[in-house]
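**Q** File follows, query06.csv with CSV, C-alpha atoms:
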chain,number,residue,atom,x,y,z
A,162,MET,CA,25.8,-97.8,128.5
A,163,ASP,CA,28.9,-99.2,130.2
A,164,GLN,CA,32.1,-97.2,130.6
A,165,VAL,CA,34.1,-99.0,128.0
A,166,THR,CA,31.4,-98.4,125.4
A,167,GLU,CA,31.1,-94.7,126.4
A,168,PHE,CA,34.9,-94.4,126.2
A,169,ASP,CA,35.0,-95.9,122.8
A,170,ARG,CA,32.2,-93.6,121.6
A,171,LEU,CA,34.1,-90.6,122.8
A,172,PHE,CA,37.2,-91.7,121.0
A,173,GLN,CA,35.2,-92.2,117.8
A,174,GLN,CA,33.7,-88.7,118.1
A,175,THR,CA,37.1,-87.3,118.6
A,176,ARG,CA,38.5,-89.1,115.6
A,177,GLN,CA,35.6,-87.9,113.4
A,178,ALA,CA,36.1,-84.3,114.5
A,179,LEU,CA,39.9,-84.6,113.9
A,180,ALA,CA,39.2,-86.1,110.4
A,181,SER,CA,36.9,-83.3,109.6
A,182,MET,CA,39.4,-80.7,110.8
A,183,ARG,CA,42.1,-82.4,108.6
A,184,SER,CA,39.9,-82.2,105.5
A,185,THR,CA,38.3,-78.8,106.0
A,186,GLY,CA,40.5,-76.9,108.5
A,187,GLN,CA,37.3,-76.0,110.4
A,188,VAL,CA,35.8,-77.2,113.6
A,189,PRO,CA,32.9,-79.5,112.7
A,190,ASP,CA,29.3,-78.7,113.3
A,191,GLY,CA,27.8,-80.4,116.4
A,192,LEU,CA,30.8,-79.5,118.6
A,193,ASP,CA,29.7,-76.9,121.1
A,194,VAL,CA,32.6,-74.5,120.7
A,195,GLU,CA,31.7,-70.9,121.7
A,196,PRO,CA,33.4,-68.3,119.7
A,197,ALA,CA,35.7,-65.9,121.6
A,198,ARG,CA,34.0,-62.7,122.7
A,199,GLY,CA,35.5,-59.3,123.4
A,200,THR,CA,34.1,-56.0,124.7
A,201,GLY,CA,35.3,-52.5,124.6
A,202,SER,CA,34.0,-49.1,125.6
A,203,ALA,CA,34.9,-45.4,125.2
A,204,ALA,CA,33.7,-42.0,126.0
A,205,GLY,CA,33.2,-42.9,129.7
A,206,GLY,CA,31.1,-45.9,128.8
A,207,GLN,CA,28.8,-44.0,126.5
A,208,ILE,CA,29.9,-46.2,123.6
A,209,GLU,CA,30.1,-50.0,123.9
A,210,VAL,CA,31.2,-52.5,121.4
A,211,VAL,CA,31.0,-56.3,121.4
A,212,ALA,CA,33.1,-58.4,119.0
A,213,VAL,CA,32.5,-62.1,118.5
A,214,GLY,CA,34.6,-64.4,116.4
A,215,GLN,CA,36.3,-62.0,114.0
A,216,ARG,CA,33.4,-59.6,113.6
A,217,VAL,CA,31.8,-56.7,115.5
A,218,GLU,CA,28.5,-58.0,116.8
A,219,SER,CA,27.1,-54.8,118.2
A,220,VAL,CA,27.8,-51.1,118.8
A,221,THR,CA,25.7,-49.3,121.4
A,222,VAL,CA,25.8,-45.5,121.6
A,223,ASP,CA,24.3,-43.6,124.5
A,224,PRO,CA,22.2,-40.7,123.2
A,225,ARG,CA,24.4,-38.3,125.3
A,226,ALA,CA,27.4,-39.3,123.1
A,227,LEU,CA,25.6,-37.8,120.1
A,228,ARG,CA,26.3,-34.3,121.6
A,229,MET,CA,30.0,-34.6,120.8
A,230,GLY,CA,31.0,-33.6,117.3
A,231,THR,CA,31.1,-36.1,114.5
A,232,GLU,CA,34.9,-36.2,114.4
A,233,MET,CA,35.1,-36.9,118.2
A,234,LEU,CA,32.3,-39.4,118.0
A,235,GLY,CA,34.1,-41.3,115.2
A,236,GLU,CA,37.3,-41.3,117.2
A,237,GLN,CA,35.5,-42.6,120.3
A,238,ILE,CA,33.8,-45.4,118.3
A,239,THR,CA,37.1,-46.3,116.8
A,240,LEU,CA,38.6,-46.5,120.3
A,241,ALA,CA,35.8,-48.7,121.5
A,242,VAL,CA,36.0,-51.1,118.5
A,243,ASN,CA,39.8,-51.4,118.9
A,244,ALA,CA,39.4,-52.1,122.6
A,245,ALA,CA,36.8,-54.8,121.8
A,246,LEU,CA,39.1,-56.4,119.3
A,247,ASP,CA,42.0,-56.3,121.7
A,248,ASP,CA,39.8,-57.9,124.3
A,249,LEU,CA,38.8,-60.5,121.8
A,250,ARG,CA,42.4,-61.3,121.0
A,251,LEU,CA,43.0,-61.8,124.7
A,252,ALA,CA,39.9,-64.0,125.1
A,253,ALA,CA,40.9,-66.1,122.2
A,254,GLY,CA,44.5,-66.4,123.1
A,255,ASP,CA,47.2,-65.1,120.9
A,256,PRO,CA,47.8,-67.7,118.2
A,257,GLY,CA,51.4,-66.6,117.9
A,258,ASP,CA,52.0,-67.9,121.4
A,259,ALA,CA,50.4,-71.3,120.8
A,260,PRO,CA,52.3,-74.1,119.1
A,261,GLU,CA,50.9,-75.1,115.7
A,262,VAL,CA,48.8,-78.2,115.9
A,263,ASP,CA,49.5,-81.0,113.4
A,264,PRO,CA,46.2,-82.9,112.9
A,265,VAL,CA,48.0,-85.9,111.4
A,266,ALA,CA,50.4,-86.2,114.4
A,267,LEU,CA,47.5,-85.6,116.8
A,268,GLY,CA,45.5,-88.4,115.1
A,269,GLN,CA,48.4,-90.8,115.4
A,270,GLN,CA,48.8,-90.0,119.1
A,271,LEU,CA,45.0,-90.5,119.5
A,272,ASP,CA,45.3,-93.9,117.8
A,273,GLU,CA,48.2,-94.9,120.0
A,274,LEU,CA,46.3,-93.7,123.1
A,275,GLN,CA,43.2,-95.7,122.2
A,276,ASN,CA,45.2,-98.8,121.4
A,277,GLU,CA,47.0,-98.6,124.7
A,278,SER,CA,43.8,-97.9,126.7
A,279,VAL,CA,42.2,-101.0,125.0
A,280,ARG,CA,45.2,-103.1,126.0
A,281,SER,CA,45.1,-101.7,129.6
A,282,MET,CA,41.3,-102.3,129.8
A,283,ALA,CA,41.8,-105.9,128.6
A,284,ALA,CA,44.5,-106.5,131.2
A,285,MET,CA,42.4,-105.0,134.0
A,286,THR,CA,39.4,-107.1,132.9
A,287,ASP,CA,41.5,-110.3,132.8
A,288,ALA,CA,42.9,-109.5,136.3
A,289,LEU,CA,39.4,-108.9,137.7
A,290,THR,CA,38.1,-112.0,136.1
A,291,ASP,CA,41.0,-114.0,137.6
A,292,ALA,CA,40.4,-112.4,141.0
A,293,VAL,CA,36.7,-113.3,140.9
A,294,ARG,CA,37.5,-116.9,139.9
A,295,ARG,CA,39.9,-117.2,142.8
A,296,ILE,CA,37.4,-115.9,145.3
A,297,GLN,CA,34.8,-118.3,143.9
A,298,GLN,CA,37.2,-121.2,144.2
A,299,ALA,CA,38.1,-120.3,147.8
A,300,ALA,CA,34.4,-120.1,148.7
A,301,ARG,CA,33.8,-123.7,147.6
Could you quickly redo this structure as structure tokens?
**A**
Amino acid sequence: MDQVTEFDRLFQQTRQALASMRSTGQVPDGLDVEPARGTGSAAGGQIEVVAVGQRVESVTVDPRALRMGTEMLGEQITLAVNAALDDLRLAAGDPGDAPEVDPVALGQQLDELQNESVRSMAAMTDALTDAVRRIQQAAR
């Protein structure tokens, strides 16, 4: 596959993903987007929590932690979960800091970029064709 065709294919995939995001508000299937992951621990590492996406994926409790009272164990689990969620927010980036993305405006910019790149590619191809023609004429 030549570079122009590959470039056009990537633009088409990006446009399709953007159209899907516009209509559903979700990242389309087929895009390899790993969800953010956060970890937290408490009780000196005896309790570990992993949060992925917006959910708690796992809670691991060392058997030694079961020796503390139920109230203390509950507090330590809460601390570990909150630490994992805080880490998750850091890993995902705080959406409050990011500017809001307008999919329509982004789509328009993408269209403009593709049109400009096609014009630039055509001009470059014309210049190369002309250079090859001149070299061939000079060689005769």
**Q** Using CA of Ser219 in chain A and CA of Gly206 in chain A as the two end points, give the distance in Å to one decimal.
**A**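 According to the coordinates, CA of Ser219 in chain A and CA of Gly206 in chain A are separated by 14.4 Å.
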**Q** State, in Å with one decimal place, the distance from CA of Gln207 in chain A to CA of Asp223 in chain A.
**A**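 Going from CA of Gln207 in chain A over to CA of Asp223 in chain A covers 4.9 Å.
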**Q** Mind pulling up the distance from CA of Ala180 in chain A to CA of Leu271 in chain A?
**A**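 Separation between CA of Leu271 in chain A and CA of Ala180 in chain A: 11.7 Å.
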**Q** From (35.7, -50.6, 120.8), in the file's coordinates, out to 12 Å: which residues are reached, counting all atoms listed in the file? Answer as JSON, numbers by chain.
**A** {"A": [199, 200, 201, 202, 203, 204, 206, 207, 208, 209, 210, 211, 212, 216, 217, 218, 219, 220, 221, 222, 235, 236, 237, 238, 239, 240, 241, 242, 243, 244, 245, 246, 247, 248, 249]}
**Q** Smallest atom-to-atom distance to Gln177 in chain A: which of A:Gly268, A:Gln215, A:Ala300, A:Gly205, using only C-alpha atoms?
**A**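 So, comparing all the options, the nearest one is A:Gly268.
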**Q** So which one's closest to Leu267 in chain A, A:Arg198, A:Arg294, A:Arg301, A:Arg176? Using all atoms listed in the file, please.
**A**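 Nearest to Leu267 in chain A: A:Arg176.
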**Q** From the list A:Leu179, A:Ala197, A:Arg170, A:Ala284, which residue is nearest Val265 in chain A when using all atoms listed in the file?
**A**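 Closest to Val265 in chain A, using all atoms listed in the file: A:Leu179.
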